[in-house]
Amino acid sequence: MIGAGAFGSWSALYLLRNGFNVTLIDAWGPGNARSSSGDETRVIRSTYGANETYFDLNVKALALWKENQAEFRRTIFFNTGVLWFCYEAKTPLVDDSVPFAKKNKMEYEYLTGDQLKKRFPIVHTDDLHHAYFDPFGGYLKAREAVQMVCESFIGKGGKYRQAQVRPGKISSSQLTGITLSTGEQLHADAYIFACGSWLGKLFPEILGNIITCTKQEVYYFGVPAKNSLQFENLPVWVDVDGKDFYYGIPGNSHRGFKLGVDIRGPEFDPTSGEHAYASPTLEKARTFISHRFPDLKHAPLIENRVCPYENSPDGNFILDLLPGTSNTFVLGGGSGHGFKHSPAIGHLVAEMLSGREKIPPLFNLKK
Ligand SMILES: Cc1cc2nc3c(=O)[nH]c(=O)nc-3n(C[C@H](O)[C@H](O)[C@H](O)COP(=O)(O)OP(=O)(O)OC[C@H]3O[C@@H](n4cnc5c(N)ncnc54)[C@H](O)[C@@H]3O)c2cc1C
């Protein structure tokens, strides 16, 4: 297994639990700061508009996060709920998931502007039509979770190596081996490349135009001391404005009021790209945050992160054979929403290699 981000680590752990002999290799370490999984926290929500596959995948993932955190004896999932700020009477991204929520007994609460204002007085609501509150979502500790999964993998006898991997030659539909930055060569029955934003660079001719990387900015603002608890106790929120798609994780392990922007940023090199914010992007975010949360008008920036989005062409994950091979898989394309699903993806990888499940066609590599 090459790549110890969320997808690779969970897959390695589930493969090991299913009796496979697994070596997990990462160039910079599990949950490293260059990787997509390396930030502090990630949103978990089932809401996916009319896409029932992702709704169901998240329901499965949610159960696995809970089951595994009980085993790890550490809280990774924070069930704060997710608050959707809706501008129009109809908001398909949320409305179209309502039937799935009903089916799974995970119903949302509809809040009028007045109810929203009363319940969350720190939110400016005048430009919102209503909100939905999903009490089943929340946030996950990201970097820490990946590191815990790897610790568990190693603790149960999995082999871990820190080295950069270069794929060897493909001959008769077989990848013949991999070379580590230490100079060693390793051989296996199967290889899984779960290398996030690096996949396009690793296989430029095959994946160069399929997996692309953009620079995404995340800010941590300092909340006022006078109502810090009011901010901390706010659920995760998503502003469905149809443009920038700001979202936030208010509690965020006491690291500040986290604000992210989902609109795709400029192209980014995940190895050499500098993790510095762009002033215009920050200023735009400040304008938004002072509008939506007026008490944060003068909130200082206390930390910022840059994370690479590992975009697939249609935003769907990729789990498929590397074209031209029968022993090598590509796992990735999280496209800015993969973290929450990662235990379910790891479980699926193990089921697939055990011959018990087929990969959903949605995850096929589309050339
Ligand atoms: C700003 C931002 C916000 C996001 N918000 C959310 C959210 O709220 N909810 C959600 O569910 N998802 C979210 N995501 C998406 C989610 O974080 C990713 O989909 C997920 O972390 C991808 O995991 P991965 O394992 O595929 O990739 P990565 O975490 O990038 O892991 C890939 C690993 O491969 C290693 N590697 C690369 N090349 C090599 C090589 N040649 N040899 C050895 N190792 C190598 C790297 O070191 C890295 O550790 C967000 C992403 C970003 C960037």
# chains A, B, ... in the order shown; residues from 1 in each chain; ligands from 1
call {"tool": "closest_atom_pairs", "arguments": {"of": "segment 36-104 of chain A", "to": "segment 144-147 of chain A", "cutoff": "8 Å", "atoms": "only C-alpha atoms", "output": "tab-separated table"}}
result
residue	atom	partner	partner_atom	distance
A:Ser37	CA	A:Val146	CA	7.5
A:Glu40	CA	A:Glu144	CA	7.4
A:Ile76	CA	A:Ala145	CA	6.3
call {"tool": "write_last_selection", "arguments": {"atoms": "N, CA, C and O atoms", "output": "PDB file, in the first residue's frame"}}
result
ATOM      1  N   SER A  37      -4.948  14.765   4.016  1.00  0.00           N
ATOM      2  CA  SER A  37      -5.485  14.308   5.301  1.00  0.00           C
ATOM      3  C   SER A  37      -4.792  14.993   6.481  1.00  0.00           C
ATOM      4  O   SER A  37      -5.097  14.672   7.634  1.00  0.00           O
ATOM      5  N   GLU A  40      -6.249  19.614  10.773  1.00  0.00           N
ATOM      6  CA  GLU A  40      -6.710  19.197  12.104  1.00  0.00           C
ATOM      7  C   GLU A  40      -8.035  18.441  12.064  1.00  0.00           C
ATOM      8  O   GLU A  40      -8.210  17.445  12.754  1.00  0.00           O
ATOM      9  N   ILE A  76     -12.676  10.597  18.077  1.00  0.00           N
ATOM     10  CA  ILE A  76     -12.264  11.148  16.787  1.00  0.00           C
ATOM     11  C   ILE A  76     -13.456  11.853  16.156  1.00  0.00           C
ATOM     12  O   ILE A  76     -13.310  12.838  15.455  1.00  0.00           O
TER      13      ILE A  76
END
call {"tool": "residues_near_ligand", "arguments": {"ligand": "ligand 1", "cutoff": "6 Å", "atoms": "only C-alpha atoms and all ligand atoms", "output": "compact mmCIF listing (two decimals) with all heavy atoms, in the first residue's frame"}}
result
# COMPACT_ATOMS: atom_id res chain seq x y z
N ILE A 2 0.78 2.04 -1.04
CA ILE A 2 1.64 3.23 -1.13
C ILE A 2 0.77 4.45 -0.84
O ILE A 2 -0.19 4.73 -1.55
CB ILE A 2 2.30 3.31 -2.52
CG1 ILE A 2 3.14 2.05 -2.75
CG2 ILE A 2 3.21 4.55 -2.61
CD1 ILE A 2 2.57 1.11 -3.73
N GLY A 3 1.14 5.17 0.22
CA GLY A 3 0.39 6.35 0.67
C GLY A 3 -0.34 6.05 1.96
O GLY A 3 -1.22 5.18 2.00
N ALA A 4 0.04 6.78 3.03
CA ALA A 4 -0.59 6.56 4.33
C ALA A 4 -1.44 7.77 4.72
O ALA A 4 -1.36 8.28 5.83
CB ALA A 4 0.46 6.26 5.40
N GLY A 5 -2.24 8.24 3.76
CA GLY A 5 -3.27 9.24 4.09
C GLY A 5 -4.50 8.49 4.57
O GLY A 5 -4.42 7.29 4.93
N ALA A 6 -5.64 9.15 4.56
CA ALA A 6 -6.86 8.53 5.07
C ALA A 6 -7.22 7.28 4.26
O ALA A 6 -7.53 6.23 4.83
CB ALA A 6 -8.01 9.54 5.02
N PHE A 7 -7.15 7.37 2.94
CA PHE A 7 -7.56 6.22 2.11
C PHE A 7 -6.60 5.04 2.29
O PHE A 7 -7.02 3.90 2.46
CB PHE A 7 -7.64 6.62 0.64
CG PHE A 7 -8.90 7.37 0.24
CD1 PHE A 7 -9.85 7.71 1.17
CD2 PHE A 7 -9.13 7.71 -1.09
CE1 PHE A 7 -11.03 8.39 0.81
CE2 PHE A 7 -10.30 8.38 -1.48
CZ PHE A 7 -11.25 8.73 -0.53
N GLY A 8 -5.30 5.31 2.22
CA GLY A 8 -4.30 4.24 2.30
C GLY A 8 -4.25 3.60 3.67
O GLY A 8 -4.16 2.37 3.79
N ILE A 25 3.58 2.22 2.96
CA ILE A 25 4.76 3.06 2.74
C ILE A 25 4.31 4.50 2.49
O ILE A 25 3.38 4.74 1.70
CB ILE A 25 5.55 2.57 1.50
CG1 ILE A 25 5.75 1.06 1.56
CG2 ILE A 25 6.89 3.28 1.38
CD1 ILE A 25 6.27 0.46 0.25
N ASP A 26 4.97 5.45 3.16
CA ASP A 26 4.65 6.85 2.89
C ASP A 26 5.93 7.68 2.85
O ASP A 26 6.85 7.48 3.64
CB ASP A 26 3.71 7.42 3.96
CG ASP A 26 3.06 8.71 3.49
OD1 ASP A 26 3.73 9.76 3.46
OD2 ASP A 26 1.88 8.67 3.10
N ALA A 27 5.94 8.64 1.93
CA ALA A 27 7.15 9.46 1.73
C ALA A 27 7.42 10.38 2.93
O ALA A 27 8.57 10.59 3.30
CB ALA A 27 6.99 10.29 0.46
N TRP A 28 6.37 10.95 3.52
CA TRP A 28 6.58 11.94 4.60
C TRP A 28 5.88 11.59 5.90
O TRP A 28 5.85 12.40 6.81
CB TRP A 28 6.12 13.33 4.13
CG TRP A 28 6.95 13.89 3.03
CD1 TRP A 28 8.23 14.38 3.14
CD2 TRP A 28 6.59 14.00 1.65
NE1 TRP A 28 8.67 14.78 1.91
CE2 TRP A 28 7.70 14.57 0.97
CE3 TRP A 28 5.46 13.68 0.91
CZ2 TRP A 28 7.70 14.82 -0.39
CZ3 TRP A 28 5.45 13.93 -0.45
CH2 TRP A 28 6.55 14.50 -1.08
N GLY A 29 5.26 10.44 5.96
CA GLY A 29 4.62 9.99 7.21
C GLY A 29 3.11 10.16 7.20
O GLY A 29 2.58 11.01 6.49
N PRO A 30 2.41 9.33 8.00
CA PRO A 30 0.95 9.35 8.05
C PRO A 30 0.42 10.71 8.51
O PRO A 30 0.88 11.25 9.51
CB PRO A 30 0.61 8.28 9.11
CG PRO A 30 1.86 7.47 9.28
CD PRO A 30 3.00 8.34 8.92
N GLY A 31 -0.54 11.25 7.77
CA GLY A 31 -1.16 12.52 8.15
C GLY A 31 -0.20 13.69 8.08
O GLY A 31 -0.36 14.69 8.80
N ASN A 32 0.83 13.60 7.21
CA ASN A 32 1.81 14.70 7.14
C ASN A 32 1.16 15.97 6.60
O ASN A 32 0.11 15.93 5.95
CB ASN A 32 3.04 14.28 6.32
CG ASN A 32 2.72 14.14 4.84
OD1 ASN A 32 2.62 15.14 4.12
ND2 ASN A 32 2.53 12.91 4.37
N SER A 35 -0.08 16.47 3.02
CA SER A 35 -1.14 15.61 2.48
C SER A 35 -2.52 16.24 2.66
O SER A 35 -2.70 17.16 3.47
CB SER A 35 -1.10 14.25 3.18
OG SER A 35 -1.52 14.38 4.53
N SER A 36 -3.50 15.70 1.94
CA SER A 36 -4.88 16.20 2.07
C SER A 36 -5.46 15.84 3.43
O SER A 36 -6.35 16.51 3.93
CB SER A 36 -5.78 15.60 0.99
OG SER A 36 -5.35 16.00 -0.27
N SER A 37 -4.95 14.77 4.02
CA SER A 37 -5.48 14.31 5.30
C SER A 37 -4.79 14.99 6.48
O SER A 37 -5.10 14.67 7.63
CB SER A 37 -5.28 12.79 5.44
OG SER A 37 -5.75 12.11 4.31
N ARG A 42 -12.04 17.56 9.86
CA ARG A 42 -12.79 17.42 8.62
C ARG A 42 -14.27 17.26 8.95
O ARG A 42 -14.62 16.63 9.95
CB ARG A 42 -12.34 16.17 7.85
CG ARG A 42 -10.94 16.27 7.25
CD ARG A 42 -10.94 17.19 6.06
NE ARG A 42 -9.66 17.34 5.42
CZ ARG A 42 -8.92 18.45 5.45
NH1 ARG A 42 -9.34 19.50 6.12
NH2 ARG A 42 -7.79 18.54 4.79
N VAL A 43 -15.11 17.82 8.07
CA VAL A 43 -16.57 17.72 8.24
C VAL A 43 -17.03 16.31 7.90
O VAL A 43 -16.54 15.71 6.94
CB VAL A 43 -17.28 18.72 7.29
CG1 VAL A 43 -18.81 18.58 7.42
CG2 VAL A 43 -16.83 20.15 7.55
N ILE A 44 -18.01 15.82 8.66
CA ILE A 44 -18.68 14.57 8.28
C ILE A 44 -20.18 14.83 8.21
O ILE A 44 -20.77 15.33 9.15
CB ILE A 44 -18.31 13.39 9.21
CG1 ILE A 44 -19.09 12.12 8.80
CG2 ILE A 44 -18.52 13.67 10.70
CD1 ILE A 44 -18.49 10.82 9.29
N ALA A 163 9.36 6.09 3.11
CA ALA A 163 10.21 6.22 1.93
C ALA A 163 9.35 6.66 0.76
O ALA A 163 8.14 6.39 0.73
CB ALA A 163 10.87 4.88 1.60
N GLN A 164 9.99 7.33 -0.18
CA GLN A 164 9.26 7.69 -1.40
C GLN A 164 9.31 6.50 -2.35
O GLN A 164 10.33 5.83 -2.45
CB GLN A 164 9.89 8.91 -2.03
CG GLN A 164 9.02 9.51 -3.11
CD GLN A 164 9.54 10.86 -3.57
OE1 GLN A 164 10.76 11.07 -3.63
NE2 GLN A 164 8.65 11.77 -3.87
N VAL A 165 8.19 6.27 -3.03
CA VAL A 165 8.09 5.09 -3.91
C VAL A 165 8.08 5.52 -5.37
O VAL A 165 7.41 6.50 -5.74
CB VAL A 165 6.80 4.31 -3.59
CG1 VAL A 165 6.52 3.24 -4.64
CG2 VAL A 165 6.89 3.67 -2.21
N ARG A 166 8.81 4.78 -6.15
CA ARG A 166 8.75 4.95 -7.61
C ARG A 166 8.27 3.64 -8.21
O ARG A 166 8.82 2.58 -7.90
CB ARG A 166 10.15 5.30 -8.12
CG ARG A 166 10.16 6.16 -9.38
CD ARG A 166 11.49 6.92 -9.56
NE ARG A 166 12.68 6.30 -9.02
CZ ARG A 166 13.42 5.37 -9.63
NH1 ARG A 166 13.09 4.92 -10.82
NH2 ARG A 166 14.51 4.89 -9.06
N ALA A 194 -2.30 4.83 -3.18
CA ALA A 194 -3.29 5.74 -2.57
C ALA A 194 -2.55 7.04 -2.28
O ALA A 194 -2.37 7.43 -1.13
CB ALA A 194 -3.86 5.12 -1.31
N CYS A 195 -2.08 7.68 -3.33
CA CYS A 195 -1.14 8.80 -3.17
C CYS A 195 -1.78 10.17 -3.37
O CYS A 195 -1.09 11.14 -3.75
CB CYS A 195 0.05 8.61 -4.11
SG CYS A 195 1.00 7.14 -3.75
N GLY A 196 -3.07 10.29 -3.11
CA GLY A 196 -3.75 11.58 -3.11
C GLY A 196 -3.41 12.44 -4.30
O GLY A 196 -3.50 12.01 -5.47
N SER A 197 -2.96 13.68 -4.03
CA SER A 197 -2.68 14.65 -5.09
C SER A 197 -1.48 14.29 -5.94
O SER A 197 -1.24 14.92 -6.97
CB SER A 197 -2.39 16.01 -4.46
OG SER A 197 -3.43 16.37 -3.62
N TRP A 198 -0.70 13.31 -5.47
CA TRP A 198 0.53 12.95 -6.21
C TRP A 198 0.26 11.93 -7.32
O TRP A 198 1.16 11.63 -8.10
CB TRP A 198 1.58 12.38 -5.24
CG TRP A 198 2.19 13.39 -4.32
CD1 TRP A 198 3.37 14.06 -4.52
CD2 TRP A 198 1.69 13.84 -3.07
NE1 TRP A 198 3.61 14.91 -3.47
CE2 TRP A 198 2.59 14.79 -2.56
CE3 TRP A 198 0.56 13.56 -2.32
CZ2 TRP A 198 2.41 15.44 -1.33
CZ3 TRP A 198 0.36 14.22 -1.10
CH2 TRP A 198 1.28 15.14 -0.63
N GLN A 216 -6.08 24.81 -1.67
CA GLN A 216 -7.27 25.21 -0.89
C GLN A 216 -6.81 25.84 0.43
O GLN A 216 -5.94 25.28 1.10
CB GLN A 216 -8.14 23.99 -0.61
CG GLN A 216 -8.57 23.23 -1.85
CD GLN A 216 -9.33 24.05 -2.86
OE1 GLN A 216 -9.11 23.94 -4.07
NE2 GLN A 216 -10.24 24.90 -2.40
N GLU A 217 -7.44 26.94 0.78
CA GLU A 217 -7.03 27.66 1.99
C GLU A 217 -8.01 27.43 3.13
O GLU A 217 -9.22 27.37 2.92
CB GLU A 217 -6.89 29.14 1.69
CG GLU A 217 -5.87 29.37 0.60
CD GLU A 217 -5.35 30.79 0.55
OE1 GLU A 217 -5.70 31.60 1.43
OE2 GLU A 217 -4.58 31.06 -0.39
N VAL A 218 -7.46 27.32 4.31
CA VAL A 218 -8.26 27.12 5.52
C VAL A 218 -7.73 28.09 6.57
O VAL A 218 -6.52 28.23 6.72
CB VAL A 218 -8.07 25.66 6.03
CG1 VAL A 218 -8.80 25.47 7.34
CG2 VAL A 218 -8.58 24.66 5.00
N CYS A 307 -4.19 23.19 2.01
CA CYS A 307 -4.33 21.74 1.78
C CYS A 307 -4.56 21.51 0.30
O CYS A 307 -5.27 22.28 -0.34
CB CYS A 307 -5.52 21.17 2.52
SG CYS A 307 -5.38 21.28 4.29
N PRO A 308 -3.97 20.46 -0.24
CA PRO A 308 -4.22 20.17 -1.65
C PRO A 308 -5.52 19.37 -1.84
O PRO A 308 -5.76 18.40 -1.13
CB PRO A 308 -3.02 19.32 -2.05
CG PRO A 308 -2.57 18.66 -0.80
CD PRO A 308 -3.00 19.53 0.35
N TYR A 309 -6.34 19.81 -2.78
CA TYR A 309 -7.49 19.00 -3.20
C TYR A 309 -6.98 18.07 -4.30
O TYR A 309 -6.32 18.50 -5.24
CB TYR A 309 -8.59 19.89 -3.81
CG TYR A 309 -9.69 20.35 -2.88
CD1 TYR A 309 -9.72 20.00 -1.53
CD2 TYR A 309 -10.73 21.14 -3.37
CE1 TYR A 309 -10.75 20.44 -0.71
CE2 TYR A 309 -11.77 21.58 -2.55
CZ TYR A 309 -11.76 21.23 -1.21
OH TYR A 309 -12.78 21.66 -0.41
N GLY A 332 -8.04 6.91 -4.97
CA GLY A 332 -7.89 8.35 -4.69
C GLY A 332 -9.05 9.15 -5.22
O GLY A 332 -10.19 8.69 -5.24
N GLY A 334 -10.29 11.86 -3.93
CA GLY A 334 -11.18 12.29 -2.83
C GLY A 334 -11.87 13.62 -3.10
O GLY A 334 -12.93 13.91 -2.53
N SER A 335 -11.29 14.44 -3.96
CA SER A 335 -11.93 15.66 -4.49
C SER A 335 -12.54 16.56 -3.41
O SER A 335 -13.64 17.10 -3.58
CB SER A 335 -13.02 15.27 -5.50
OG SER A 335 -12.48 14.46 -6.51
N GLY A 336 -11.84 16.67 -2.30
CA GLY A 336 -12.29 17.61 -1.27
C GLY A 336 -13.42 17.09 -0.41
O GLY A 336 -13.96 17.82 0.43
N HIS A 337 -13.80 15.79 -0.57
CA HIS A 337 -14.87 15.28 0.31
C HIS A 337 -14.63 13.83 0.74
O HIS A 337 -15.54 13.14 1.21
CB HIS A 337 -16.23 15.42 -0.38
CG HIS A 337 -16.43 14.58 -1.61
ND1 HIS A 337 -17.21 13.45 -1.61
CD2 HIS A 337 -15.93 14.67 -2.87
CE1 HIS A 337 -17.21 12.90 -2.84
NE2 HIS A 337 -16.42 13.63 -3.61
N GLY A 338 -13.38 13.36 0.61
CA GLY A 338 -13.12 11.93 0.82
C GLY A 338 -12.91 11.50 2.25
O GLY A 338 -13.11 10.33 2.58
N PHE A 339 -12.48 12.43 3.11
CA PHE A 339 -12.01 12.00 4.43
C PHE A 339 -13.08 11.24 5.21
O PHE A 339 -12.83 10.17 5.76
CB PHE A 339 -11.53 13.20 5.26
CG PHE A 339 -10.74 12.77 6.44
CD1 PHE A 339 -9.37 12.58 6.34
CD2 PHE A 339 -11.36 12.47 7.65
CE1 PHE A 339 -8.63 12.12 7.42
CE2 PHE A 339 -10.63 12.01 8.74
CZ PHE A 339 -9.27 11.84 8.63
N LYS A 340 -14.28 11.81 5.26
CA LYS A 340 -15.36 11.21 6.06
C LYS A 340 -15.63 9.76 5.66
O LYS A 340 -16.02 8.96 6.47
CB LYS A 340 -16.63 12.06 5.91
CG LYS A 340 -17.19 12.06 4.51
CD LYS A 340 -18.46 12.89 4.37
CE LYS A 340 -18.23 14.34 4.08
NZ LYS A 340 -17.43 14.64 2.85
call {"tool": "atom_distance", "arguments": {"atom1": "atom CA of Phe133 of chain A", "atom2": "atom CA of Glu67 of chain A"}}
result
24.2 Å
call {"tool": "atom_distance", "arguments": {"atom1": "atom CA of Phe363 of chain A", "atom2": "atom CA of Thr47 of chain A"}}
result
18.8 Å
call {"tool": "residues_around", "arguments": {"residues": "segment 122-128 of chain A", "least_positions_apart": "2", "cutoff": "6 Å", "atoms": "only C-alpha atoms", "output": "list in words"}}
result
Cys86, Tyr87, Phe120, His130, Arg292 and Phe293 of chain A
call {"tool": "write_last_selection", "arguments": {"atoms": "N, CA and C atoms", "output": "PDB file, in the first residue's frame"}}
result
ATOM      1  N   CYS A  86     -29.403  28.051   4.073  1.00  0.00           N
ATOM      2  CA  CYS A  86     -30.025  28.016   2.750  1.00  0.00           C
ATOM      3  C   CYS A  86     -30.584  29.394   2.378  1.00  0.00           C
ATOM      4  N   TYR A  87     -30.230  29.854   1.186  1.00  0.00           N
ATOM      5  CA  TYR A  87     -30.633  31.201   0.731  1.00  0.00           C
ATOM      6  C   TYR A  87     -32.003  31.190   0.061  1.00  0.00           C
ATOM      7  N   PHE A 120     -29.399  30.279  17.489  1.00  0.00           N
ATOM      8  CA  PHE A 120     -27.971  30.589  17.298  1.00  0.00           C
ATOM      9  C   PHE A 120     -27.818  32.097  17.103  1.00  0.00           C
ATOM     10  N   HIS A 130     -33.928  29.903   5.161  1.00  0.00           N
ATOM     11  CA  HIS A 130     -34.119  28.970   6.272  1.00  0.00           C
ATOM     12  C   HIS A 130     -32.795  28.246   6.506  1.00  0.00           C
ATOM     13  N   ARG A 292     -21.496  36.981   8.160  1.00  0.00           N
ATOM     14  CA  ARG A 292     -22.278  35.863   8.706  1.00  0.00           C
ATOM     15  C   ARG A 292     -22.201  35.787  10.228  1.00  0.00           C
ATOM     16  N   PHE A 293     -21.041  36.181  10.779  1.00  0.00           N
ATOM     17  CA  PHE A 293     -20.854  36.153  12.238  1.00  0.00           C
ATOM     18  C   PHE A 293     -20.321  37.524  12.662  1.00  0.00           C
TER      19      PHE A 293
END
call {"tool": "residues_around", "arguments": {"residues": "Tyr48 of chain A", "least_positions_apart": "2", "cutoff": "8 Å", "atoms": "only C-alpha atoms", "output": "PDB file with N, CA and C atoms, in the first residue's frame"}}
result
ATOM      1  N   SER A  46     -23.885  13.347   5.860  1.00  0.00           N
ATOM      2  CA  SER A  46     -24.397  12.407   4.864  1.00  0.00           C
ATOM      3  C   SER A  46     -24.982  13.141   3.664  1.00  0.00           C
ATOM      4  N   ALA A  50     -28.933  14.589  -4.472  1.00  0.00           N
ATOM      5  CA  ALA A  50     -29.677  13.414  -4.936  1.00  0.00           C
ATOM      6  C   ALA A  50     -28.791  12.166  -5.028  1.00  0.00           C
ATOM      7  N   ASN A  51     -27.554  12.252  -4.573  1.00  0.00           N
ATOM      8  CA  ASN A  51     -26.630  11.134  -4.722  1.00  0.00           C
ATOM      9  C   ASN A  51     -26.726  10.161  -3.529  1.00  0.00           C
ATOM     10  N   GLU A  52     -27.507   9.124  -3.729  1.00  0.00           N
ATOM     11  CA  GLU A  52     -27.752   8.185  -2.626  1.00  0.00           C
ATOM     12  C   GLU A  52     -26.531   7.310  -2.327  1.00  0.00           C
ATOM     13  N   TYR A  54     -23.372   8.174  -2.155  1.00  0.00           N
ATOM     14  CA  TYR A  54     -22.509   8.814  -1.147  1.00  0.00           C
ATOM     15  C   TYR A  54     -23.230   8.950   0.191  1.00  0.00           C
ATOM     16  N   PHE A  55     -24.554   9.169   0.149  1.00  0.00           N
ATOM     17  CA  PHE A  55     -25.308   9.221   1.408  1.00  0.00           C
ATOM     18  C   PHE A  55     -25.099   7.902   2.154  1.00  0.00           C
ATOM     19  N   LEU A  93     -29.140  20.724  -2.926  1.00  0.00           N
ATOM     20  CA  LEU A  93     -28.054  20.001  -2.262  1.00  0.00           C
ATOM     21  C   LEU A  93     -28.529  19.367  -0.954  1.00  0.00           C
ATOM     22  N   VAL A  94     -29.445  20.065  -0.265  1.00  0.00           N
ATOM     23  CA  VAL A  94     -29.964  19.520   0.992  1.00  0.00           C
ATOM     24  C   VAL A  94     -31.322  18.843   0.756  1.00  0.00           C
ATOM     25  N   ASP A  96     -32.734  17.392  -1.684  1.00  0.00           N
ATOM     26  CA  ASP A  96     -32.761  16.097  -2.377  1.00  0.00           C
ATOM     27  C   ASP A  96     -32.242  14.953  -1.514  1.00  0.00           C
ATOM     28  N   SER A  97     -31.597  15.290  -0.399  1.00  0.00           N
ATOM     29  CA  SER A  97     -31.138  14.237   0.520  1.00  0.00           C
ATOM     30  C   SER A  97     -32.195  13.913   1.577  1.00  0.00           C
TER      31      SER A  97
END
call {"tool": "residues_around", "arguments": {"residues": "Ala344 of chain A", "least_positions_apart": "4", "cutoff": "7 Å", "atoms": "only C-alpha atoms", "output": "ChimeraX atom specification"}}
result
/A:57,60-61,64,348
call {"tool": "closest_residue", "arguments": {"among": "A:Ala63, A:Trp10, A:Leu319, A:Lys243", "to": "Glu151 of chain A", "atoms": "only C-alpha atoms"}}
result
A:Trp10
call {"tool": "atom_distance", "arguments": {"atom1": "atom CA of Tyr220 of chain A", "atom2": "atom CA of Asp269 of chain A"}}
result
23.0 Å
